[in-house]
Amino acid sequence: MSDTQSRPMFSAVSGSARQLFLLLRCIGFSPKTRVQITEDELRFIAEEGGVMQGTAILQKALFTSFQFTPPASHVHEEGHEDGEADADKFIVFEISLSALLDTLQIFGLGDSKSSTFNRDPYTSTAFSAPVLGVTGLCRLSYASVGAPFTIVLQESGITTTSELVTYEPSSNAADIPFTRDQIAIKVIMRAAYLYDAISELASANPERLVLAADDSTFTLSASSSLGSAVVEFHRDNSRSQYASTVDQPGAGVMETFFVPEEFKQVYHFSRVVGVKKALSVASKVSVRADNQGVLSLQFMIENLEGGGVSFVDFRFIPLADDEDGSESDRDYEEGETAETADE
Amino acid sequence: MRFKAQIQNITTFTKFVASLTSLGPVAWVRLNENDVRFTIIPEQGTQVWAVLAIDAIFEGYTIQSAAENVINLEVPLGPLHQALKSALQATAASIRLTKKDNIPLLSITIVRNSIGNARQSASEDDDGGIGIGLSRERETTITQDVPVRVLSPSKVEGIHEPRCRDPDVHIILPPLMQLKSISDRFTKVALESRSVTAGLSAIGPRLEMAANMHGCLRLGIKTDAMKMASLWTGLDNPELDPSHLEGGMEEIQQHPSTRMKQLGGPDGQSEEGWAKVRLDGKDWGKVMSVGRLGGRVIACFCHEHALILYVYLPSERDEEESALTYYISSYSA
């Protein structure tokens, strides 16, 4: 706002800061995020330890206005993408994610419209639930390469301007590769089921999460010094086809169940549990793994307004198998990426 | 030395004490026949000089002392707050200054009536409680003693309310709970960014607060990762009352705020005309807790020097307003 350039490289206006907040909060596990802007969407990519990556995709449709002029000279054209989009014209930079989230919920206590600020017992401690009140006009902009990423929020007489310092993305910022055409497993189910399963397993505070599937069951198991727990999801028996894609919603636990052959892979539980925020707001989740064992969790989140859905994506690199051989599975031993990345 | 009174507005008094508790452990309380003054001068942070009209909290009072009927006490705020909390549901409460084993005490006597919550009181206060019919109209008396120190007049004569030059800008603040929620979040942002960048030193986060004479208030913070500011517009800058100034109208024309009116504008976009102060985020958050009293707040900004808040307590009965005055020094950049 302060630097009124004639035409910023990027600007977008959203009627609901809360919508942006809900999506970005899903990847709030990391203090920083990479921002990638193309003509159609705004991507926020957060990662941890090179083995976990979360991407929140804010499509153009979420905004009432969305304008992006890629810079002629600064286009990153190395097709470093994961094969999905060809070298689109885009810009990348890094910002503090925690600062962005705090900005979006600055009006946490919400609209001063009504008696929100009166002395009800909740006002003084409402910081846990400010999310509920977040609304209001939100304007994002990025004037030029190297300029701060600016967020302007407006609500009943208060304007909050936040300028986030932008950083060059770190040189080793690469997406975790996920091979879409070599899928070892694909299961789509209601997010609530997976949420319950993960909450159940989390109670024992385990270190590792074992994901396994065969032609009839999808199993999550975890063990710790306190004991072990297994959650099994059974494929709807009435479907006889292997790669059945059930179209009727709510027909069974699994909407899609595609497991060509037995699958078993181990992941860091503490990392996977980081998707709980996303699970709690998502309606559906697609669990996929490629033949390298890279796990992709894709969350479908219904938009607050105007219908439509948004997606938040997570990827995990599997843990190397144990030496004791109990977990060894000949088909998936090429997890060499995991050995190096595992701390 | 005698002091005794009925507490007539327990809720207000309790909230008032609660808001002071966050700023310091002890208060100097000065009682005379017209008003009750609470003063907190912490080693660091905000000074409070609160003057309550004595009718606002007490009735049927007796205040007598050899020193022109003025009583000076040093009162621990935590215990006082605790004692008052147990009086919240009281039908009557009184306070008096007394002595037990040669220790001066403020003794608060609370009478609770058990009608309506007979069951609760039976389990709490009494081992009887067999027949509900019997327990009706039972009264419970609770006495809370708060040890205090009596201060001699010579001890307090050297303490004066800070004097400050005429403020550059005076403005009515938006609802304090709203301001607090935003400033608390700023403070949180600043603290978070510090832990990430592994901190410079032990100084608390600094909020920058500024206002102009055109109804704008700006609250901002700057960290390594971000710069953030909230701007309020359309607030009121109350007119100065010539009758309150020695020089009358003439003084108003000389007043710094009159000059500041020439600068800046109501949209807050101009960099001119702002009076700025830098505050400690945590201390400011504590000051803001006075918002629970729900009064009108006028902030006076002395550019780069100090911020003075006048919190006027809403009074039901008369126009004689009670006011809390907060003196907050500005930190240098």
# chains A, B, ... in the order shown; residues from 1 in each chain; ligands from 1

call {"tool": "closest_atom_pairs", "arguments": {"of": "chain B", "to": "chain A", "cutoff": "10 Å", "atoms": "only C-alpha atoms", "output": "tab-separated table"}}
result
residue	atom	partner	partner_atom	distance
B:Pro174	CA	A:Ile158	CA	9.9
B:Pro175	CA	A:Phe117	CA	7.2
B:Leu176	CA	A:Phe117	CA	8.3
B:Met177	CA	A:Phe117	CA	5.8
B:Gln178	CA	A:Phe117	CA	6.3
B:Leu179	CA	A:Phe117	CA	9.8
B:Lys180	CA	A:Ser124	CA	9.1
B:Ser181	CA	A:Leu109	CA	6.7
B:Ile182	CA	A:Ile106	CA	6.0
B:Ser183	CA	A:Ile106	CA	9.1
B:Asp184	CA	A:Phe127	CA	9.5
B:Arg185	CA	A:Ile106	CA	6.6
B:Phe186	CA	A:Ile106	CA	8.3
B:Lys188	CA	A:Asp102	CA	8.6
B:Val189	CA	A:Ala99	CA	6.3
B:Ala190	CA	A:Ala99	CA	9.0
B:Glu192	CA	A:Ser98	CA	8.0
B:Ser193	CA	A:Ala99	CA	7.9
B:Val196	CA	A:Pro31	CA	8.2
B:Cys216	CA	A:Ile158	CA	9.8
B:Leu217	CA	A:Ile158	CA	9.3
B:Arg218	CA	A:Thr160	CA	9.2
B:Leu219	CA	A:Thr160	CA	9.0
B:Gly220	CA	A:Thr160	CA	9.1
B:Ile221	CA	A:Ser162	CA	9.4
B:Lys222	CA	A:Glu163	CA	9.3
B:Thr223	CA	A:Val165	CA	9.4
B:Asp224	CA	A:Val165	CA	7.7
B:Ala225	CA	A:Val165	CA	5.1
B:Met226	CA	A:Leu164	CA	4.2
B:Lys227	CA	A:Glu163	CA	5.0
B:Met228	CA	A:Ser162	CA	4.1
B:Ala229	CA	A:Thr161	CA	5.2
B:Ser230	CA	A:Thr160	CA	3.9
B:Leu231	CA	A:Thr159	CA	5.0
B:Trp232	CA	A:Ile158	CA	4.6
B:Thr233	CA	A:Gly157	CA	5.9
B:Gly234	CA	A:Gly157	CA	7.2
B:Leu235	CA	A:Gly157	CA	9.1
B:Gln269	CA	A:Ser2	CA	8.2
B:Ser270	CA	A:Ser2	CA	9.9
B:Ser289	CA	A:Ser124	CA	8.5
B:Gly291	CA	A:Arg119	CA	8.7
B:Arg292	CA	A:Arg119	CA	6.2
B:Leu293	CA	A:Arg119	CA	8.4
B:Gly294	CA	A:Arg119	CA	7.7

call {"tool": "residues_around", "arguments": {"residues": "region 75-89 of chain B", "least_positions_apart": "5", "cutoff": "6 Å", "atoms": "only C-alpha atoms", "output": "list of chain:residue names"}}
result
B:Thr14, B:Val17, B:Thr21, B:Pro25, B:Val26, B:Ala27, B:Ile110, B:Gln144, B:Val148

call {"tool": "select_by_dssp", "arguments": {"residues": "region 221-321 of chain B", "states": "alpha helix (DSSP H)", "output": "list in words"}}
result
Gly248, Met249, Glu250, Glu251, Ile252, Gln253, Gln254, Pro256, Ser257, Thr258, Arg259, Met260, Lys261, Gly281, Lys282, Asp283, Trp284, Gly285, Lys286, Val287 and Met288 of chain B

call {"tool": "residues_around", "arguments": {"residues": "Glu262 (chain A)", "least_positions_apart": "6", "cutoff": "8 Å", "atoms": "only C-alpha atoms", "output": "VMD selection string"}}
result
chain A and resid 212 to 215

call {"tool": "write_last_selection", "arguments": {"atoms": "all heavy atoms", "output": "compact mmCIF listing (two decimals), in the first residue's frame"}}
result
# COMPACT_ATOMS: atom_id res chain seq x y z
N ALA A 212 -0.05 -50.44 5.15
CA ALA A 212 -0.04 -51.68 4.38
C ALA A 212 -1.38 -51.83 3.69
O ALA A 212 -2.39 -51.29 4.14
CB ALA A 212 0.22 -52.87 5.29
N ALA A 213 -1.37 -52.53 2.58
CA ALA A 213 -2.63 -52.77 1.88
C ALA A 213 -2.51 -54.06 1.09
O ALA A 213 -1.44 -54.40 0.59
CB ALA A 213 -2.95 -51.61 0.95
N ASP A 214 -3.61 -54.79 1.03
CA ASP A 214 -3.68 -55.89 0.08
C ASP A 214 -4.99 -55.75 -0.66
O ASP A 214 -5.64 -54.70 -0.59
CB ASP A 214 -3.51 -57.23 0.80
CG ASP A 214 -4.56 -57.43 1.88
OD1 ASP A 214 -5.65 -56.84 1.75
OD2 ASP A 214 -4.29 -58.15 2.85
N ASP A 215 -5.43 -56.81 -1.31
CA ASP A 215 -6.58 -56.60 -2.17
C ASP A 215 -7.90 -56.37 -1.43
O ASP A 215 -8.90 -56.03 -2.04
CB ASP A 215 -6.72 -57.76 -3.17
CG ASP A 215 -6.83 -59.08 -2.43
OD1 ASP A 215 -6.86 -59.05 -1.18
OD2 ASP A 215 -6.87 -60.14 -3.08

call {"tool": "select_by_dssp", "arguments": {"residues": "region 148-218 of chain B", "states": "strand (DSSP E)", "output": "list in words"}}
result
Arg149, Val150, Val169, His170, Ile171, Ile172, Arg206, Leu207, Glu208, Met209, Ala210, Ala211, Leu217 and Arg218 of chain B

call {"tool": "write_last_selection", "arguments": {"atoms": "N, CA and C atoms", "output": "compact mmCIF listing (two decimals), in the first residue's frame"}}
result
# COMPACT_ATOMS: atom_id res chain seq x y z
N ARG B 149 0.44 -2.65 55.26
CA ARG B 149 1.38 -1.82 56.01
C ARG B 149 0.82 -0.41 56.05
N VAL B 150 0.91 0.20 57.20
CA VAL B 150 0.46 1.58 57.28
C VAL B 150 1.66 2.47 56.98
N VAL B 169 -0.94 14.85 20.80
CA VAL B 169 -2.16 14.31 20.22
C VAL B 169 -2.97 13.67 21.34
N HIS B 170 -4.27 13.93 21.35
CA HIS B 170 -5.13 13.18 22.26
C HIS B 170 -6.27 12.58 21.44
N ILE B 171 -6.60 11.36 21.79
CA ILE B 171 -7.54 10.62 20.95
C ILE B 171 -8.29 9.62 21.81
N ILE B 172 -9.53 9.34 21.45
CA ILE B 172 -10.29 8.31 22.17
C ILE B 172 -9.96 6.96 21.54
N ARG B 206 8.89 -4.56 20.97
CA ARG B 206 8.48 -3.16 21.00
C ARG B 206 7.36 -2.92 20.00
N LEU B 207 6.29 -2.40 20.52
CA LEU B 207 5.21 -1.99 19.64
C LEU B 207 5.35 -0.50 19.39
N GLU B 208 5.06 -0.10 18.19
CA GLU B 208 5.07 1.32 17.93
C GLU B 208 3.62 1.78 17.80
N MET B 209 3.29 2.76 18.59
CA MET B 209 1.92 3.24 18.55
C MET B 209 1.96 4.72 18.22
N ALA B 210 1.08 5.12 17.34
CA ALA B 210 1.06 6.51 16.93
C ALA B 210 -0.38 6.95 16.70
N ALA B 211 -0.60 8.24 16.81
CA ALA B 211 -1.93 8.77 16.54
C ALA B 211 -1.79 10.16 15.96
N LEU B 217 -5.34 6.10 14.45
CA LEU B 217 -4.47 5.45 15.41
C LEU B 217 -3.75 4.34 14.67
N ARG B 218 -2.46 4.23 14.91
CA ARG B 218 -1.69 3.22 14.20
C ARG B 218 -0.89 2.42 15.21

call {"tool": "residues_around", "arguments": {"residues": "Cys26 (chain A)", "least_positions_apart": "5", "cutoff": "7 Å", "atoms": "only C-alpha atoms", "output": "number ranges by chain"}}
result
A: 275, 277-278

call {"tool": "residues_around", "arguments": {"residues": "Glu41 (chain A)", "least_positions_apart": "6", "cutoff": "9 Å", "atoms": "only C-alpha atoms", "output": "list in words"}}
result
Ile57, Leu58, Gln59, Lys60, Ala61 and Phe66 of chain A

call {"tool": "write_last_selection", "arguments": {"atoms": "N, CA, C and O atoms", "output": "short mmCIF file (atom, residue, chain, number, x, y, z; two decimals), in the first residue's frame"}}
result
data_model
loop_
_atom_site.label_atom_id
_atom_site.label_comp_id
_atom_site.auth_asym_id
_atom_site.auth_seq_id
_atom_site.Cartn_x
_atom_site.Cartn_y
_atom_site.Cartn_z
N ILE A 57 -2.82 -25.17 -2.23
CA ILE A 57 -3.03 -24.57 -3.54
C ILE A 57 -4.21 -23.62 -3.46
O ILE A 57 -5.34 -24.02 -3.16
N LEU A 58 -3.94 -22.35 -3.70
CA LEU A 58 -5.00 -21.35 -3.69
C LEU A 58 -5.29 -21.00 -5.14
O LEU A 58 -4.55 -20.27 -5.78
N GLN A 59 -6.38 -21.57 -5.62
CA GLN A 59 -6.69 -21.35 -7.03
C GLN A 59 -7.24 -19.95 -7.24
O GLN A 59 -7.77 -19.33 -6.34
N LYS A 60 -7.09 -19.54 -8.47
CA LYS A 60 -7.60 -18.24 -8.90
C LYS A 60 -9.06 -18.03 -8.47
O LYS A 60 -9.46 -16.94 -8.08
N ALA A 61 -9.82 -19.12 -8.52
CA ALA A 61 -11.25 -19.02 -8.23
C ALA A 61 -11.55 -18.60 -6.80
O ALA A 61 -12.65 -18.16 -6.49
N PHE A 66 -7.63 -11.54 -9.53
CA PHE A 66 -6.34 -12.23 -9.50
C PHE A 66 -5.58 -11.79 -10.74
O PHE A 66 -6.03 -12.00 -11.86
#

call {"tool": "residues_around", "arguments": {"residues": "Ser330 (chain B)", "least_positions_apart": "6", "cutoff": "9 Å", "atoms": "only C-alpha atoms", "output": "PyMOL selection string"}}
result
chain B and resi 276-280+302-307

call {"tool": "write_last_selection", "arguments": {"atoms": "N, CA and C atoms", "output": "PDB file, in the first residue's frame"}}
result
ATOM      1  N   LYS B 276       4.282   9.673  18.057  1.00  0.00           N
ATOM      2  CA  LYS B 276       4.652   8.263  18.159  1.00  0.00           C
ATOM      3  C   LYS B 276       5.206   7.928  19.532  1.00  0.00           C
ATOM      4  N   VAL B 277       4.917   6.732  19.991  1.00  0.00           N
ATOM      5  CA  VAL B 277       5.614   6.229  21.176  1.00  0.00           C
ATOM      6  C   VAL B 277       5.942   4.762  20.943  1.00  0.00           C
ATOM      7  N   ARG B 278       6.965   4.293  21.626  1.00  0.00           N
ATOM      8  CA  ARG B 278       7.317   2.877  21.544  1.00  0.00           C
ATOM      9  C   ARG B 278       7.064   2.226  22.891  1.00  0.00           C
ATOM     10  N   LEU B 279       6.341   1.133  22.873  1.00  0.00           N
ATOM     11  CA  LEU B 279       5.912   0.495  24.108  1.00  0.00           C
ATOM     12  C   LEU B 279       6.422  -0.933  24.171  1.00  0.00           C
ATOM     13  N   ASP B 280       6.539  -1.413  25.382  1.00  0.00           N
ATOM     14  CA  ASP B 280       6.862  -2.821  25.556  1.00  0.00           C
ATOM     15  C   ASP B 280       5.571  -3.624  25.369  1.00  0.00           C
ATOM     16  N   CYS B 302       2.674  12.034  23.833  1.00  0.00           N
ATOM     17  CA  CYS B 302       3.755  13.009  23.774  1.00  0.00           C
ATOM     18  C   CYS B 302       4.801  12.370  22.883  1.00  0.00           C
ATOM     19  N   HIS B 303       4.992  12.956  21.741  1.00  0.00           N
ATOM     20  CA  HIS B 303       5.824  12.350  20.705  1.00  0.00           C
ATOM     21  C   HIS B 303       7.180  11.895  21.250  1.00  0.00           C
ATOM     22  N   GLU B 304       7.517  10.647  21.026  1.00  0.00           N
ATOM     23  CA  GLU B 304       8.803  10.057  21.420  1.00  0.00           C
ATOM     24  C   GLU B 304       9.081  10.174  22.915  1.00  0.00           C
ATOM     25  N   HIS B 305       8.042  10.373  23.692  1.00  0.00           N
ATOM     26  CA  HIS B 305       8.297  10.654  25.092  1.00  0.00           C
ATOM     27  C   HIS B 305       7.462   9.770  26.012  1.00  0.00           C
ATOM     28  N   ALA B 306       6.172   9.902  25.911  1.00  0.00           N
ATOM     29  CA  ALA B 306       5.331   9.134  26.827  1.00  0.00           C
ATOM     30  C   ALA B 306       3.913   9.027  26.285  1.00  0.00           C
ATOM     31  N   LEU B 307       3.225   8.060  26.840  1.00  0.00           N
ATOM     32  CA  LEU B 307       1.817   7.890  26.526  1.00  0.00           C
ATOM     33  C   LEU B 307       1.068   7.913  27.850  1.00  0.00           C
TER      34      LEU B 307
END
